[in-house]
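Structure below is upload_24.cif: mmCIF, C-alpha atoms.
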data_run
#
loop_
_atom_site.group_PDB
_atom_site.id
_atom_site.type_symbol
_atom_site.label_atom_id
_atom_site.label_comp_id
_atom_site.auth_asym_id
_atom_site.auth_seq_id
_atom_site.Cartn_x
_atom_site.Cartn_y
_atom_site.Cartn_z
ATOM 1 C CA MET A 1283 115.396 -36.758 76.817
ATOM 2 C CA SER A 1284 113.878 -40.062 75.820
ATOM 3 C CA GLY A 1285 116.988 -42.191 76.240
ATOM 4 C CA LEU A 1286 116.580 -43.995 72.912
ATOM 5 C CA ILE A 1287 119.721 -45.454 71.446
ATOM 6 C CA TYR A 1288 120.006 -45.697 67.650
ATOM 7 C CA GLU A 1289 123.181 -47.687 67.489
ATOM 8 C CA GLY A 1290 123.754 -50.046 64.565
ATOM 9 C CA GLN A 1291 120.471 -49.085 62.860
ATOM 10 C CA ARG A 1292 119.889 -47.582 59.442
ATOM 11 C CA LEU A 1293 117.975 -44.319 59.792
ATOM 12 C CA ASN A 1294 115.893 -43.047 56.877
ATOM 13 C CA GLN A 1295 114.317 -40.061 58.594
ATOM 14 C CA PRO A 1296 115.841 -37.217 60.573
ATOM 15 C CA ILE A 1297 115.690 -37.455 64.343
ATOM 16 C CA ALA A 1298 115.077 -34.271 66.329
ATOM 17 C CA VAL A 1299 117.376 -34.017 69.321
ATOM 18 C CA GLN A 1300 117.091 -31.426 72.066
ATOM 19 C CA ASP A 1301 119.496 -30.477 74.814
ATOM 20 C CA ILE A 1302 122.297 -32.598 73.443
ATOM 21 C CA LYS A 1303 125.665 -32.320 75.090
ATOM 22 C CA SER A 1304 128.778 -33.322 73.273
ATOM 23 C CA GLY A 1305 131.949 -33.876 75.279
ATOM 24 C CA GLU A 1306 134.789 -31.412 75.062
ATOM 25 C CA SER A 1307 134.842 -28.615 72.518
ATOM 26 C CA VAL A 1308 137.858 -27.202 70.809
ATOM 27 C CA LYS A 1309 138.156 -23.469 70.506
ATOM 28 C CA GLY A 1310 140.843 -21.554 68.655
ATOM 29 C CA LEU A 1311 142.787 -19.004 70.587
ATOM 30 C CA GLU A 1312 142.521 -16.510 67.743
ATOM 31 C CA ASP A 1313 139.798 -15.753 65.279
ATOM 32 C CA LEU A 1314 140.289 -17.081 61.777
ATOM 33 C CA PHE A 1315 141.101 -14.646 58.992
ATOM 34 C CA LEU A 1316 138.539 -15.177 56.266
ATOM 35 C CA LEU A 1317 140.522 -15.099 53.042
ATOM 36 C CA ARG A 1318 138.211 -14.480 50.136
ATOM 37 C CA GLU A 1319 139.016 -15.916 46.719
ATOM 38 C CA VAL A 1320 139.655 -12.445 45.296
ATOM 39 C CA ASP A 1321 142.151 -11.761 48.090
ATOM 40 C CA PHE A 1322 143.883 -15.058 47.354
ATOM 41 C CA GLU A 1323 144.174 -14.103 43.674
ATOM 42 C CA ARG A 1324 145.607 -10.728 44.671
ATOM 43 C CA LEU A 1325 148.203 -12.459 46.838
ATOM 44 C CA LYS A 1326 149.020 -14.907 44.084
ATOM 45 C CA ASN A 1327 149.112 -12.500 41.120
ATOM 46 C CA GLY A 1328 148.937 -9.037 42.640
ATOM 47 C CA ALA A 1329 152.541 -7.988 42.315
ATOM 48 C CA ASN A 1330 153.117 -4.344 41.474
ATOM 49 C CA LYS A 1331 153.695 -4.490 37.699
ATOM 50 C CA PRO A 1332 155.549 -1.159 37.305
ATOM 51 C CA TYR A 1333 157.934 -2.196 40.067
ATOM 52 C CA LEU A 1334 158.609 -5.509 38.310
ATOM 53 C CA TRP A 1335 159.191 -3.642 35.041
ATOM 54 C CA MET A 1336 161.630 -1.334 36.850
ATOM 55 C CA VAL A 1337 163.609 -4.332 38.106
ATOM 56 C CA GLN A 1338 163.735 -5.818 34.606
ATOM 57 C CA ALA A 1339 164.824 -2.492 33.104
ATOM 58 C CA MET A 1340 167.512 -2.148 35.794
ATOM 59 C CA PHE A 1341 168.892 -5.561 34.878
ATOM 60 C CA ALA A 1342 168.894 -4.596 31.201
ATOM 61 C CA VAL A 1343 170.621 -1.258 31.835
ATOM 62 C CA GLY A 1344 173.027 -2.911 34.279
ATOM 63 C CA GLY A 1345 173.902 -5.563 31.706
ATOM 64 C CA TYR A 1346 174.490 -2.898 29.074
ATOM 65 C CA LEU A 1347 176.621 -0.936 31.525
ATOM 66 C CA PHE A 1348 178.755 -4.009 32.219
ATOM 67 C CA SER A 1349 179.194 -4.556 28.488
ATOM 68 C CA ILE A 1350 180.626 -1.052 27.953
ATOM 69 C CA LEU A 1351 182.356 -0.814 31.343
ATOM 70 C CA PRO A 1352 185.772 -1.790 29.910
ATOM 71 C CA GLN A 1353 185.526 1.128 27.475
ATOM 72 C CA ILE A 1354 184.516 3.490 30.289
ATOM 73 C CA LEU A 1355 187.363 2.350 32.542
ATOM 74 C CA ASP A 1356 189.984 2.273 29.775
ATOM 75 C CA ASP A 1357 189.207 5.587 28.113
ATOM 76 C CA TYR A 1358 185.781 7.118 28.639
ATOM 77 C CA LYS A 1359 186.304 9.239 25.492
ATOM 78 C CA VAL A 1360 186.041 6.046 23.414
ATOM 79 C CA VAL A 1361 182.436 5.577 24.576
ATOM 80 C CA THR A 1362 180.158 6.968 21.875
ATOM 81 C CA LYS A 1363 177.466 9.549 22.422
ATOM 82 C CA GLY A 1364 174.841 6.913 21.551
ATOM 83 C CA GLN A 1365 176.075 4.598 24.300
ATOM 84 C CA TRP A 1366 175.805 7.392 26.873
ATOM 85 C CA ILE A 1367 172.313 8.238 25.605
ATOM 86 C CA VAL A 1368 171.219 4.589 25.987
ATOM 87 C CA LEU A 1369 172.492 4.551 29.586
ATOM 88 C CA VAL A 1370 170.785 7.843 30.448
ATOM 89 C CA ILE A 1371 167.472 6.867 28.808
ATOM 90 C CA GLY A 1372 167.629 3.468 30.535
ATOM 91 C CA GLY A 1373 168.178 5.191 33.887
ATOM 92 C CA ILE A 1374 165.265 7.554 33.234
ATOM 93 C CA ILE A 1375 163.019 4.620 32.333
ATOM 94 C CA CYS A 1376 164.010 2.832 35.554
ATOM 95 C CA LEU A 1377 163.309 5.973 37.551
ATOM 96 C CA ALA A 1378 159.934 6.473 35.839
ATOM 97 C CA PHE A 1379 158.874 2.871 36.508
ATOM 98 C CA GLY A 1380 160.035 3.215 40.110
ATOM 99 C CA ILE A 1381 157.973 6.366 40.675
ATOM 100 C CA TRP A 1382 154.982 4.831 38.885
ATOM 101 C CA GLY A 1383 155.301 1.722 41.065
ATOM 102 C CA ARG A 1384 155.324 3.856 44.218
ATOM 103 C CA ILE A 1385 152.244 5.832 43.149
ATOM 104 C CA THR A 1386 150.058 2.925 41.996
ATOM 105 C CA LYS A 1387 148.207 0.711 44.442
ATOM 106 C CA ASP A 1388 149.847 -2.589 45.211
ATOM 107 C CA LYS A 1389 146.935 -4.998 45.646
ATOM 108 C CA LYS A 1390 149.167 -7.668 47.136
ATOM 109 C CA LYS A 1391 150.418 -5.182 49.729
ATOM 110 C CA GLU A 1392 146.827 -4.129 50.522
ATOM 111 C CA VAL A 1393 145.805 -7.716 51.300
ATOM 112 C CA MET A 1394 148.943 -8.321 53.346
ATOM 113 C CA ASP A 1395 148.254 -5.113 55.314
ATOM 114 C CA LYS A 1396 144.699 -6.320 56.042
ATOM 115 C CA ILE A 1397 146.016 -9.669 57.273
ATOM 116 C CA GLU A 1398 148.682 -7.973 59.381
ATOM 117 C CA LEU A 1399 146.116 -5.595 60.890
ATOM 118 C CA PHE A 1400 143.794 -8.515 61.664
ATOM 119 C CA PHE A 1401 146.489 -10.426 63.536
ATOM 120 C CA SER A 1402 148.115 -7.438 65.218
ATOM 121 C CA ASP A 1403 147.942 -7.156 68.997
ATOM 122 C CA GLU A 1404 146.419 -3.689 68.797
ATOM 123 C CA ASP A 1405 142.807 -4.325 69.723
#

Could you show the structure in this file as structure tokens?
Amino acid sequence: MSGLIYEGQRLNQPIAVQDIKSGESVKGLEDLFLLREVDFERLKNGANKPYLWMVQAMFAVGGYLFSILPQILDDYKVVTKGQWIVLVIGGIICLAFGIWGRITKDKKKEVMDKIELFFSDED
């Protein structure tokens, strides 16, 4: 090491330094999880669409059920056949979306599983 000190000078060319030692180093206790941009987008927008549709359909059917609930509780014979059909079809649609949501891949869940596996204690 030459012992040259370049303090307070303007350097226009690179200086090659060998065997340099820099004080203390900081090291993380855990490795960093490298989150790619595509994984971030999946976390941000990757909700399971059929599941979300099922929730929306359930709210719609539930709202309709509450609107005809007084008729059902007062005298269920007053409820028309069409109203029962709407409730049954709404329930079937909710069930279909629920099954579809279970079958399809949930990209958000996949990324979260990768992150969980990365940080799990099982090495």

So which residues touch Lys1389 of chain A within 10 Å, counting all atoms listed in the file, skipping near sequence neighbours fewer than 3 positions away, as a JSON list (two decimals) with C-alpha atoms, keeping the file's coordinate frame?
[["chain", "number", "residue", "atom", "x", "y", "z"],
["A", 1321, "ASP", "CA", 142.15, -11.76, 48.09],
["A", 1323, "GLU", "CA", 144.17, -14.10, 43.67],
["A", 1324, "ARG", "CA", 145.61, -10.73, 44.67],
["A", 1325, "LEU", "CA", 148.20, -12.46, 46.84],
["A", 1327, "ASN", "CA", 149.11, -12.50, 41.12],
["A", 1328, "GLY", "CA", 148.94, -9.04, 42.64],
["A", 1329, "ALA", "CA", 152.54, -7.99, 42.32],
["A", 1330, "ASN", "CA", 153.12, -4.34, 41.47],
["A", 1386, "THR", "CA", 150.06, 2.92, 42.00],
["A", 1392, "GLU", "CA", 146.83, -4.13, 50.52],
["A", 1393, "VAL", "CA", 145.80, -7.72, 51.30],
["A", 1394, "MET", "CA", 148.94, -8.32, 53.35],
["A", 1395, "ASP", "CA", 148.25, -5.11, 55.31]]

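Counting all atoms listed in the file, the residue from A:Ile1350, A:Leu1355, A:Val1343, A:Ala1298 that sits nearest to Leu1369 of chain A is A:Val1343.
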
*What is the distance between atom CA of Phe1341 of chain A and atom CA of Tyr1358 of chain A, in Å to one decimal?*
22.0 Å

_Which residue is closest to Tyr1333 of chain A? Choose from A:Lys1387, A:Lys1363, A:Lys1396, A:Arg1292 and count only C-alpha atoms._
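Smallest distance to Tyr1333 of chain A is found for A:Lys1387.
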
*asked:* Quick check, in Å to one decimal: how far apart do atom CA of Ala1342 of chain A and atom CA of Ile1385 of chain A lie?
replied: 23.0 Å

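Residue nearest Arg1384 of chain A within the list A:Val1299, A:Lys1331, A:Leu1293, A:Glu1319: A:Lys1331 [criterion: smallest interatomic distance, only C-alpha atoms].
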
*Atom-to-atom span, atom CA of Leu1351 of chain A and atom CA of Trp1335 of chain A, Å*: 23.6 Å
